[in-house]
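Single-structure report; data block below.
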2 protein chains.
Amino acid sequence: MIQTVELQHAYRLMNHGPTVLVSAAHGGQRNLMAAAWAMPLDFAPPKVAVVLDKSTHTRALVEASGEFALQLPCRAQADLAFTVGNSSGAELAAAGDDKFARWHIGHFAAERIGAPLVEGCVAWLECRLIPVADNQQGFDLFLGEVVAARADDRVFSGGRWHFDTAPDDLRTLHHVAAGHFLLPGGAVQGRMLP
Amino acid sequence: MIQTVELQHAYRLMNHGPTVLVSAAHGGQRNLMAAAWAMPLDFAPPKVAVVLDKSTHTRALVEASGEFALQLPCRAQADLAFTVGNSSGAELAAAGDDKFARWHIGHFAAERIGAPLVEGCVAWLECRLIPVADNQQGFDLFLGEVVAARADDRVFSGGRWHFDTAPDDLRTLHHVAAGHFLLPGGAVQGRMLP
């Protein structure tokens, strides 16, 4: 079941380095891309950083709307993540189509922003762009403040991931290259050295 | 065996979202901290982004020297990663000590920068700071260009991670919170949807 994540815990959704899907909408258009280069940037208020290449249609929608969503695809969505990461929203838009329609990607409304959220993901972070022109132009680097966060409580509850007790298909994806994703397996607890 | 990683493949060392150790040195001082908030920023030349809190001694050394190393600790180093992430280099420095000496942390010289590299890690990225004052002051966000990269070829070769065929102790660490680290387990190959 999808549950609200307290904003003070939102960073923990991305702390372990998952690949995310970035969605955005503006002026009747919407798009979705994959991004392995994303990370938390602050605790409270929670902020994130994500790299959006100049060639992406999603970036144009983020810049126009000032909003974006990051969501964490899971093992069951490896093909979806690869597909939206290897197709052009701009080309589809030019033909009056988009990725959601083309691949029948289920989605639902965000609480605080206009970007669509992808069904079947295990966590969602709704973000308002923090505009920093030099970062966006010089480094393709986009910063955002997280204004709402939710997660699938089968895998994330009490501020922690629980992959060991959930179905394998709900594990997050960690992209290496060319559609090859690593999955979180075991865990280890670090302790202070003597 | 430690092998050079071609700079064009350096981003793949961090693409899957591992926690890193950040080392830096300046004026006879050296320090080491843990950072879960780090990501690749560009392919060629390779760049990285990492969050360094204002309270950290490492940050002061990075700002003074203009250099830092990111290195990937592995399962065998969970206690080391937790320890350097939960101790104060500034306090040790005030007592004429440092983390390397205090916990007998083995290290070796970098090729292109002055920061010490930690023995037993599975990859190392030597970086020159790209100074962006507004990011550093406003967001604790530091950007760097990777000028040399190496990896342990038992787990990284041919531009890919090979955790399945290497000892479990060489798996990278992905921090959730409070010393609880996830480890990469299985893998999945994404394919284009029809």
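By order in the structure tokens, chains are A, B, ...; within a chain, residues start at 1; ligands start at 1, following the order shown.
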For chain A, work out the contacting residues on chain B at 8 Å, counting only C-alpha atoms, and write them as a JSON list (two decimals) with N, CA and C atoms, in the first residue's frame.
[["chain", "number", "residue", "atom", "x", "y", "z"],
["B", 12, "ARG", "N", 31.15, 4.65, -14.57],
["B", 12, "ARG", "CA", 30.54, 3.36, -14.24],
["B", 12, "ARG", "C", 30.92, 2.86, -12.85],
["B", 15, "ASN", "N", 28.05, 4.64, -11.00],
["B", 15, "ASN", "CA", 26.71, 4.69, -11.61],
["B", 15, "ASN", "C", 25.65, 3.96, -10.80],
["B", 16, "HIS", "N", 26.05, 2.92, -10.07],
["B", 16, "HIS", "CA", 25.09, 2.11, -9.32],
["B", 16, "HIS", "C", 24.84, 2.64, -7.91],
["B", 17, "GLY", "N", 25.41, 3.83, -7.60],
["B", 17, "GLY", "CA", 25.01, 4.52, -6.38],
["B", 17, "GLY", "C", 25.68, 4.09, -5.09],
["B", 18, "PRO", "N", 26.95, 3.71, -5.12],
["B", 18, "PRO", "CA", 27.61, 3.30, -3.88],
["B", 18, "PRO", "C", 27.92, 4.48, -2.96],
["B", 19, "THR", "N", 28.00, 4.19, -1.68],
["B", 19, "THR", "CA", 28.56, 5.14, -0.71],
["B", 19, "THR", "C", 30.06, 5.24, -0.97],
["B", 36, "ALA", "N", 27.36, 9.34, 1.36],
["B", 36, "ALA", "CA", 26.40, 8.59, 0.54],
["B", 36, "ALA", "C", 25.87, 9.44, -0.60],
["B", 37, "TRP", "N", 26.02, 10.76, -0.47],
["B", 37, "TRP", "CA", 25.48, 11.68, -1.46],
["B", 37, "TRP", "C", 26.57, 12.06, -2.45],
["B", 38, "ALA", "N", 26.79, 11.19, -3.41],
["B", 38, "ALA", "CA", 27.80, 11.39, -4.44],
["B", 38, "ALA", "C", 27.26, 10.75, -5.71],
["B", 39, "MET", "N", 27.58, 11.34, -6.86],
["B", 39, "MET", "CA", 27.10, 10.77, -8.13],
["B", 39, "MET", "C", 27.99, 11.22, -9.27],
["B", 40, "PRO", "N", 27.96, 10.49, -10.39],
["B", 40, "PRO", "CA", 28.63, 10.98, -11.59],
["B", 40, "PRO", "C", 27.89, 12.22, -12.10],
["B", 41, "LEU", "N", 28.62, 13.07, -12.82],
["B", 41, "LEU", "CA", 28.03, 14.30, -13.34],
["B", 41, "LEU", "C", 28.24, 14.43, -14.84],
["B", 42, "ASP", "N", 29.24, 13.73, -15.37],
["B", 42, "ASP", "CA", 29.49, 13.80, -16.82],
["B", 42, "ASP", "C", 30.36, 12.61, -17.23],
["B", 51, "VAL", "N", 28.34, 15.84, -1.81],
["B", 51, "VAL", "CA", 27.91, 16.78, -0.78],
["B", 51, "VAL", "C", 28.85, 16.67, 0.42],
["B", 75, "ARG", "N", 32.30, -4.44, 1.49],
["B", 75, "ARG", "CA", 31.68, -5.09, 2.65],
["B", 75, "ARG", "C", 32.66, -5.29, 3.80],
["B", 78, "ALA", "N", 32.93, -2.21, 6.17],
["B", 78, "ALA", "CA", 31.72, -1.56, 6.71],
["B", 78, "ALA", "C", 32.03, -0.84, 8.02],
["B", 79, "ASP", "N", 32.83, -1.44, 8.88],
["B", 79, "ASP", "CA", 33.17, -0.79, 10.16],
["B", 79, "ASP", "C", 34.03, 0.45, 9.92],
["B", 80, "LEU", "N", 34.96, 0.34, 8.98],
["B", 80, "LEU", "CA", 35.80, 1.49, 8.65],
["B", 80, "LEU", "C", 34.94, 2.64, 8.12],
["B", 81, "ALA", "N", 34.03, 2.31, 7.20],
["B", 81, "ALA", "CA", 33.17, 3.35, 6.62],
["B", 81, "ALA", "C", 32.32, 4.01, 7.71],
["B", 82, "PHE", "N", 31.77, 3.19, 8.60],
["B", 82, "PHE", "CA", 30.94, 3.74, 9.68],
["B", 82, "PHE", "C", 31.79, 4.60, 10.61],
["B", 83, "THR", "N", 32.98, 4.13, 10.91],
["B", 83, "THR", "CA", 33.84, 4.84, 11.86],
["B", 83, "THR", "C", 34.27, 6.21, 11.34],
["B", 86, "ASN", "N", 31.51, 8.69, 11.41],
["B", 86, "ASN", "CA", 30.95, 9.05, 12.72],
["B", 86, "ASN", "C", 32.03, 9.50, 13.70],
["B", 103, "TRP", "N", 43.06, 4.88, 13.60],
["B", 103, "TRP", "CA", 42.49, 3.56, 13.33],
["B", 103, "TRP", "C", 43.37, 2.70, 12.41],
["B", 139, "PHE", "N", 24.76, 25.09, -1.08],
["B", 139, "PHE", "CA", 24.20, 23.73, -1.08],
["B", 139, "PHE", "C", 25.19, 22.68, -0.56],
["B", 141, "LEU", "N", 27.58, 21.62, -2.03],
["B", 141, "LEU", "CA", 27.73, 20.77, -3.21],
["B", 141, "LEU", "C", 29.06, 21.05, -3.89],
["B", 160, "ARG", "N", 32.85, -3.05, -16.39],
["B", 160, "ARG", "CA", 31.68, -3.62, -15.70],
["B", 160, "ARG", "C", 32.04, -4.13, -14.30],
["B", 161, "TRP", "N", 31.08, -4.07, -13.40],
["B", 161, "TRP", "CA", 31.19, -4.72, -12.11],
["B", 161, "TRP", "C", 30.88, -6.20, -12.25],
["B", 174, "HIS", "N", 26.04, 0.48, 0.24],
["B", 174, "HIS", "CA", 25.02, 1.47, -0.14],
["B", 174, "HIS", "C", 24.27, 1.85, 1.13],
["B", 175, "HIS", "N", 24.61, 3.00, 1.68],
["B", 175, "HIS", "CA", 24.15, 3.35, 3.03],
["B", 175, "HIS", "C", 22.67, 3.71, 3.06],
["B", 176, "VAL", "N", 21.93, 3.18, 4.01],
["B", 176, "VAL", "CA", 20.54, 3.57, 4.24],
["B", 176, "VAL", "C", 20.52, 4.60, 5.38],
["B", 177, "ALA", "N", 20.96, 4.20, 6.57],
["B", 177, "ALA", "CA", 21.00, 5.11, 7.72],
["B", 177, "ALA", "C", 21.66, 4.38, 8.88],
["B", 179, "GLY", "N", 24.54, 3.37, 9.79],
["B", 179, "GLY", "CA", 25.47, 2.26, 9.62],
["B", 179, "GLY", "C", 24.87, 1.03, 8.97],
["B", 180, "HIS", "N", 23.61, 1.12, 8.57],
["B", 180, "HIS", "CA", 22.96, 0.00, 7.89],
["B", 180, "HIS", "C", 23.22, 0.16, 6.39],
["B", 181, "PHE", "N", 24.00, -0.78, 5.83],
["B", 181, "PHE", "CA", 24.38, -0.70, 4.42],
["B", 181, "PHE", "C", 23.72, -1.84, 3.63],
["B", 182, "LEU", "N", 23.14, -1.53, 2.46],
["B", 182, "LEU", "CA", 22.70, -2.56, 1.53],
["B", 182, "LEU", "C", 23.87, -2.94, 0.63],
["B", 183, "LEU", "N", 23.85, -4.17, 0.15],
["B", 183, "LEU", "CA", 24.90, -4.67, -0.74],
["B", 183, "LEU", "C", 24.28, -5.06, -2.07],
["B", 184, "PRO", "N", 24.99, -4.86, -3.19],
["B", 184, "PRO", "CA", 24.44, -5.35, -4.45],
["B", 184, "PRO", "C", 24.36, -6.87, -4.44],
["B", 185, "GLY", "N", 23.18, -7.38, -4.84],
["B", 185, "GLY", "CA", 22.99, -8.82, -4.87],
["B", 185, "GLY", "C", 22.91, -9.28, -6.31],
["B", 186, "GLY", "N", 21.77, -9.67, -6.78],
["B", 186, "GLY", "CA", 21.60, -10.13, -8.15],
["B", 186, "GLY", "C", 21.58, -8.99, -9.15],
["B", 187, "ALA", "N", 21.25, -9.34, -10.37],
["B", 187, "ALA", "CA", 21.18, -8.36, -11.45],
["B", 187, "ALA", "C", 20.01, -8.70, -12.36],
["B", 188, "VAL", "N", 19.62, -7.71, -13.16],
["B", 188, "VAL", "CA", 18.55, -7.95, -14.12],
["B", 188, "VAL", "C", 18.89, -7.15, -15.38],
["B", 189, "GLN", "N", 18.54, -7.69, -16.54],
["B", 189, "GLN", "CA", 18.80, -7.01, -17.80],
["B", 189, "GLN", "C", 17.50, -6.41, -18.33],
["B", 190, "GLY", "N", 17.47, -5.09, -18.49],
["B", 190, "GLY", "CA", 16.30, -4.44, -19.06],
["B", 190, "GLY", "C", 16.31, -4.54, -20.58],
["B", 191, "ARG", "N", 15.11, -4.70, -21.18],
["B", 191, "ARG", "CA", 14.98, -4.77, -22.64],
["B", 191, "ARG", "C", 13.87, -3.84, -23.10],
["B", 192, "MET", "N", 13.90, -3.48, -24.37],
["B", 192, "MET", "CA", 12.86, -2.59, -24.91],
["B", 192, "MET", "C", 11.51, -3.28, -24.87],
["B", 193, "LEU", "N", 10.49, -2.54, -24.39],
["B", 193, "LEU", "CA", 9.12, -3.03, -24.44],
["B", 193, "LEU", "C", 8.66, -3.06, -25.89],
["B", 194, "PRO", "N", 7.77, -3.99, -26.22],
["B", 194, "PRO", "CA", 7.28, -4.07, -27.61],
["B", 194, "PRO", "C", 6.49, -2.82, -27.99]]
Query raised in the report: Where does DSSP see helix (DSSP H, G or I) in chain A, if you list the residues as a VMD selection string?
Result: chain A and resid 7 to 13 57 to 65 75 to 85 89 to 94 99 to 102 133 to 139 163 to 165 168 to 170
**Report entry** Atomic distance CA of Glu126 (chain B) - CA of Arg150 (chain B), expressed in Å with one decimal
**Finding:** 8.8 Å
Report task. Go ahead and compute the interatomic distance for CA of Arg171 (chain B) and CA of Asp164 (chain A), in Å to one decimal. Result ->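 Those two atoms sit 17.2 Å apart.
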Query raised in the report: Got a sec: who's within 10 Å of Phe100 (chain A), counting only C-alpha atoms, leaving out chain neighbours fewer than 3 positions off, as a VMD selection string?
Result: chain A and resid 30 to 32 84 89 97 103 to 107 116 118
Query raised in the report: So, counting only C-alpha atoms, which residue among B:Glu91, B:Glu145, B:Cys127, B:Gly66 is closest to Ala44 (chain B)?
Result: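 Checking each of B:Glu91, B:Glu145, B:Cys127, B:Gly66 against Ala44 (chain B), counting only C-alpha atoms, the winner is B:Glu145.
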Query raised in the report: So, counting only C-alpha atoms, which residue among A:Glu111, A:His162, A:Ala90, A:Gly120 is closest to His57 (chain A)?
Result: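 Using only C-alpha atoms, the shortest distance to His57 (chain A) belongs to A:Ala90.
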